[in-house]
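Novice: Please find one structure pasted underneath; my questions will follow.
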Amino acid sequence: MTRADSNNKAPSVDLKLEVAVIPVSDVDRAKTFYGRLGWRLDADFPVGDTFRVVQFTPPGSPASIHFGTGLTSATPGSAGGLYLVVSDIEAARAELIERGAEVSEVFHREGPGKPPIVGRDPARRSYRSYATFSDPDGNGWLLQEVTERLPGRVDGDVTGFASVADLAAVLRRAAAAHGEHEKRNGGEHDHNWPDWYAEYMVAEQAGKPLPE
């Protein structure tokens with residue numbers, strides 16, 4: 001097998017993004033800030049005076065952040081474009097402000113690379129609405145509202161959902177499609193509806209044809 005052939009094969013080992021390191025100048029100040037946001041404190045491990053690692057995980061996130069002493073040579077505050085996906089950007093913004101973060105007004109874009117427009121996307125289209133905030137050092141976070149994932153975001157028949165709202169939304173779509181399926185079959189109750197729902201949800205996330 002050539003190298004080109006091997007590169008076209010689907011990876012056999014998962015590579016899951018676990019942690020992003022952000023540079024801070026005052027570890028305790030950063031710890032207070034992220035704790036006040038309601039993020040889960042997973043660890044605070046000091047090793048003498050030259051090394052310390054603090055880990056926080058945002059609510060509902062599979063990935064975490066690290067900051068501390070002796071972790072990175074990057075300039076404090078130089079991290080940017082750190083995405084936080086939310087199902088309701090107005091609610092997320094309000095809660096962050098209540099917890100002490102200075103969050104920008106919500107804005108949206110008509111498409112990738114388009115200029116920002118004040119306010120949430122009028123049609124609440126996924127991936128279009130944003131808000132920003134920074135930690136005390138200036139590391140920049142970007143809230144992005146995602147209400148429906150693009151097809152093909154997962155491989156094969158592996159499914160995952162960013163939030164309860166994401167799961168509820170796909171269940172509603174599956175329920176509506178299944179109702180039409182039952183109508184086409186004379187209105188009889190489909191006792192195998194769990195299998196039908198599962199097939200629909202997997203196909204939708206993988207970008208494959210939906211069951212009829």
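Residue numbering restarts at 1 for every chain of the structure tokens, chains are lettered A, B, ... in their displayed order, and ligands are numbered from 1 as they appear.
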Skip A:Asp42 itself and residues of its chain fewer than 6 positions away, then list as JSON, numbers by chain all residues within 8 Å of it, counting only C-alpha atoms.
Specialist: {"A": [54, 55, 56, 57]}
Novice: Limited to N, CA and C atoms, could you put the picked residues into a file as a PDB file, in the first residue's frame?
Specialist:
ATOM      1  N   VAL A  54      -3.513  24.544  36.651  1.00  0.00           N
ATOM      2  CA  VAL A  54      -4.914  24.650  37.057  1.00  0.00           C
ATOM      3  C   VAL A  54      -5.766  24.247  35.866  1.00  0.00           C
ATOM      4  N   GLN A  55      -6.743  23.387  36.104  1.00  0.00           N
ATOM      5  CA  GLN A  55      -7.636  22.963  35.019  1.00  0.00           C
ATOM      6  C   GLN A  55      -9.074  23.331  35.349  1.00  0.00           C
ATOM      7  N   PHE A  56      -9.739  23.973  34.372  1.00  0.00           N
ATOM      8  CA  PHE A  56     -11.165  24.264  34.454  1.00  0.00           C
ATOM      9  C   PHE A  56     -11.853  23.678  33.232  1.00  0.00           C
ATOM     10  N   THR A  57     -13.122  23.288  33.404  1.00  0.00           N
ATOM     11  CA  THR A  57     -13.926  22.791  32.293  1.00  0.00           C
ATOM     12  C   THR A  57     -15.212  23.599  32.195  1.00  0.00           C
TER      13      THR A  57
END
Novice: Could you name the residues that touch A:Thr50 at 10 Å or less, counting only C-alpha atoms, but leaving out those on the same chain fewer than 6 positions away, as number ranges by chain?
Specialist: A: 68-71
Novice: Near stretch 23-37 of chain A, within 12 Å and counting only C-alpha atoms, which residues show up once chain neighbours fewer than 3 positions away are dropped, as a PDB file with C-alpha atoms, in the first residue's frame?
Specialist:
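Here's the written file out_36.pdb:
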ATOM      1  CA  ALA A  20      -6.210  24.108  25.491  1.00  0.00           C
ATOM      2  CA  ARG A  40     -15.757  23.335  37.042  1.00  0.00           C
ATOM      3  CA  LEU A  41     -12.411  23.358  38.837  1.00  0.00           C
ATOM      4  CA  ASP A  42     -10.839  19.971  38.056  1.00  0.00           C
ATOM      5  CA  ALA A  43      -7.324  20.392  39.411  1.00  0.00           C
ATOM      6  CA  ASP A  44      -4.836  22.772  40.999  1.00  0.00           C
ATOM      7  CA  PHE A  45      -1.457  21.092  41.227  1.00  0.00           C
ATOM      8  CA  PRO A  46       1.529  23.181  42.412  1.00  0.00           C
ATOM      9  CA  PHE A  51       5.351  24.765  38.225  1.00  0.00           C
ATOM     10  CA  ARG A  52       1.584  24.883  38.760  1.00  0.00           C
ATOM     11  CA  VAL A  53      -1.272  23.671  36.611  1.00  0.00           C
ATOM     12  CA  VAL A  54      -4.914  24.650  37.057  1.00  0.00           C
ATOM     13  CA  GLN A  55      -7.636  22.963  35.019  1.00  0.00           C
ATOM     14  CA  PHE A  56     -11.165  24.264  34.454  1.00  0.00           C
ATOM     15  CA  THR A  57     -13.926  22.791  32.293  1.00  0.00           C
ATOM     16  CA  PRO A  58     -16.759  24.941  30.872  1.00  0.00           C
ATOM     17  CA  PRO A  59     -20.291  23.626  31.578  1.00  0.00           C
ATOM     18  CA  SER A  64     -10.895  21.827  29.309  1.00  0.00           C
ATOM     19  CA  ILE A  65      -8.412  24.673  29.731  1.00  0.00           C
ATOM     20  CA  HIS A  66      -5.070  24.730  31.542  1.00  0.00           C
ATOM     21  CA  PHE A  67      -3.237  27.734  32.912  1.00  0.00           C
ATOM     22  CA  GLY A  68      -0.589  28.132  35.547  1.00  0.00           C
ATOM     23  CA  THR A  69       3.144  28.526  36.021  1.00  0.00           C
ATOM     24  CA  GLY A  70       5.767  26.891  33.817  1.00  0.00           C
ATOM     25  CA  LEU A  71       3.224  25.698  31.239  1.00  0.00           C
ATOM     26  CA  THR A  72       3.846  27.944  28.255  1.00  0.00           C
ATOM     27  CA  SER A  73       6.181  30.653  27.022  1.00  0.00           C
ATOM     28  CA  ALA A  74       3.344  32.476  25.238  1.00  0.00           C
ATOM     29  CA  THR A  75       2.667  36.067  26.241  1.00  0.00           C
ATOM     30  CA  PRO A  76      -0.144  36.359  28.808  1.00  0.00           C
ATOM     31  CA  GLY A  77      -3.353  37.394  27.075  1.00  0.00           C
ATOM     32  CA  SER A  78      -2.207  36.287  23.614  1.00  0.00           C
ATOM     33  CA  ALA A  79      -4.770  33.482  23.227  1.00  0.00           C
ATOM     34  CA  GLY A  80      -7.731  34.377  21.038  1.00  0.00           C
ATOM     35  CA  ALA A  92     -25.525  32.561  27.701  1.00  0.00           C
ATOM     36  CA  ARG A  93     -24.544  36.227  27.450  1.00  0.00           C
ATOM     37  CA  ALA A  94     -26.909  37.232  30.262  1.00  0.00           C
ATOM     38  CA  GLU A  95     -25.572  34.545  32.588  1.00  0.00           C
ATOM     39  CA  LEU A  96     -21.939  35.436  31.897  1.00  0.00           C
ATOM     40  CA  ILE A  97     -22.655  39.109  32.619  1.00  0.00           C
ATOM     41  CA  GLU A  98     -24.436  38.146  35.841  1.00  0.00           C
ATOM     42  CA  ARG A  99     -21.294  36.224  36.830  1.00  0.00           C
ATOM     43  CA  GLY A 100     -19.039  39.223  36.247  1.00  0.00           C
ATOM     44  CA  ALA A 101     -17.789  38.885  32.660  1.00  0.00           C
ATOM     45  CA  GLU A 102     -17.816  41.895  30.356  1.00  0.00           C
ATOM     46  CA  PHE A 133     -15.531  38.426  26.182  1.00  0.00           C
ATOM     47  CA  SER A 134     -12.021  38.281  27.647  1.00  0.00           C
ATOM     48  CA  ASP A 135     -10.439  37.082  30.865  1.00  0.00           C
ATOM     49  CA  PRO A 136      -8.442  39.543  33.051  1.00  0.00           C
ATOM     50  CA  ASP A 137      -5.296  39.014  30.939  1.00  0.00           C
ATOM     51  CA  GLY A 138      -7.111  39.618  27.647  1.00  0.00           C
ATOM     52  CA  ASN A 139      -7.379  36.039  26.393  1.00  0.00           C
ATOM     53  CA  GLY A 140     -10.325  36.238  24.024  1.00  0.00           C
TER      54      GLY A 140
END
Novice: List every residue of stretch 37-168 of chain A that DSSP, applied to the backbone of this structure, places in helix (DSSP H, G or I), and write the result as number ranges by chain.
Specialist: A: 89-98, 164-168
Novice: As a list in words, please: every residue in stretch 39-78 of chain A that a backbone DSSP assignment puts in strand (DSSP E or B).
Specialist: Arg40, Leu41, Asp42, Ala43, Asp44, Phe45, Pro46, Val47, Phe51, Arg52, Val53, Val54, Gln55, Phe56, Thr57, Ser64, Ile65, His66, Phe67, Gly68 and Thr69 of chain A
Novice: Ranking A:Ile89, A:Met201, A:Leu167, A:Leu142 by minimum distance to A:Arg124 and counting only C-alpha atoms, which one comes first?
Specialist: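 Ranking A:Ile89, A:Met201, A:Leu167, A:Leu142 by distance to A:Arg124, first place goes to A:Ile89.
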Novice: So how far away is atom CA of A:Val85 from atom CA of A:Pro211, in Å?
Specialist: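 That distance, rounded to one decimal, is 28.7 Å.
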Novice: Rank nothing, just name the residue among A:Tyr83, A:Glu90, A:Glu18, A:Val103 nearest to A:Gly119, using only C-alpha atoms.
Specialist: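 Nearest to A:Gly119: A:Glu90.
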Novice: Name all residues at most 8 Å from A:Ile117 (count only C-alpha atoms; drop same-chain ones fewer than 2 positions away) and give them as a ChimeraX atom specification.
Specialist: /A:107-109,115,119
Novice: Export, as a CSV table (one decimal), in the first residue's frame, the selected residues with C-alpha atoms.
Specialist:
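Resulting contents of result16.csv:
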chain,number,residue,atom,x,y,z
A,107,PHE,CA,-23.7,40.4,16.6
A,108,HIS,CA,-24.2,38.2,13.5
A,109,ARG,CA,-22.6,37.6,10.1
A,115,PRO,CA,-18.7,42.0,8.3
A,119,GLY,CA,-27.9,41.9,16.9
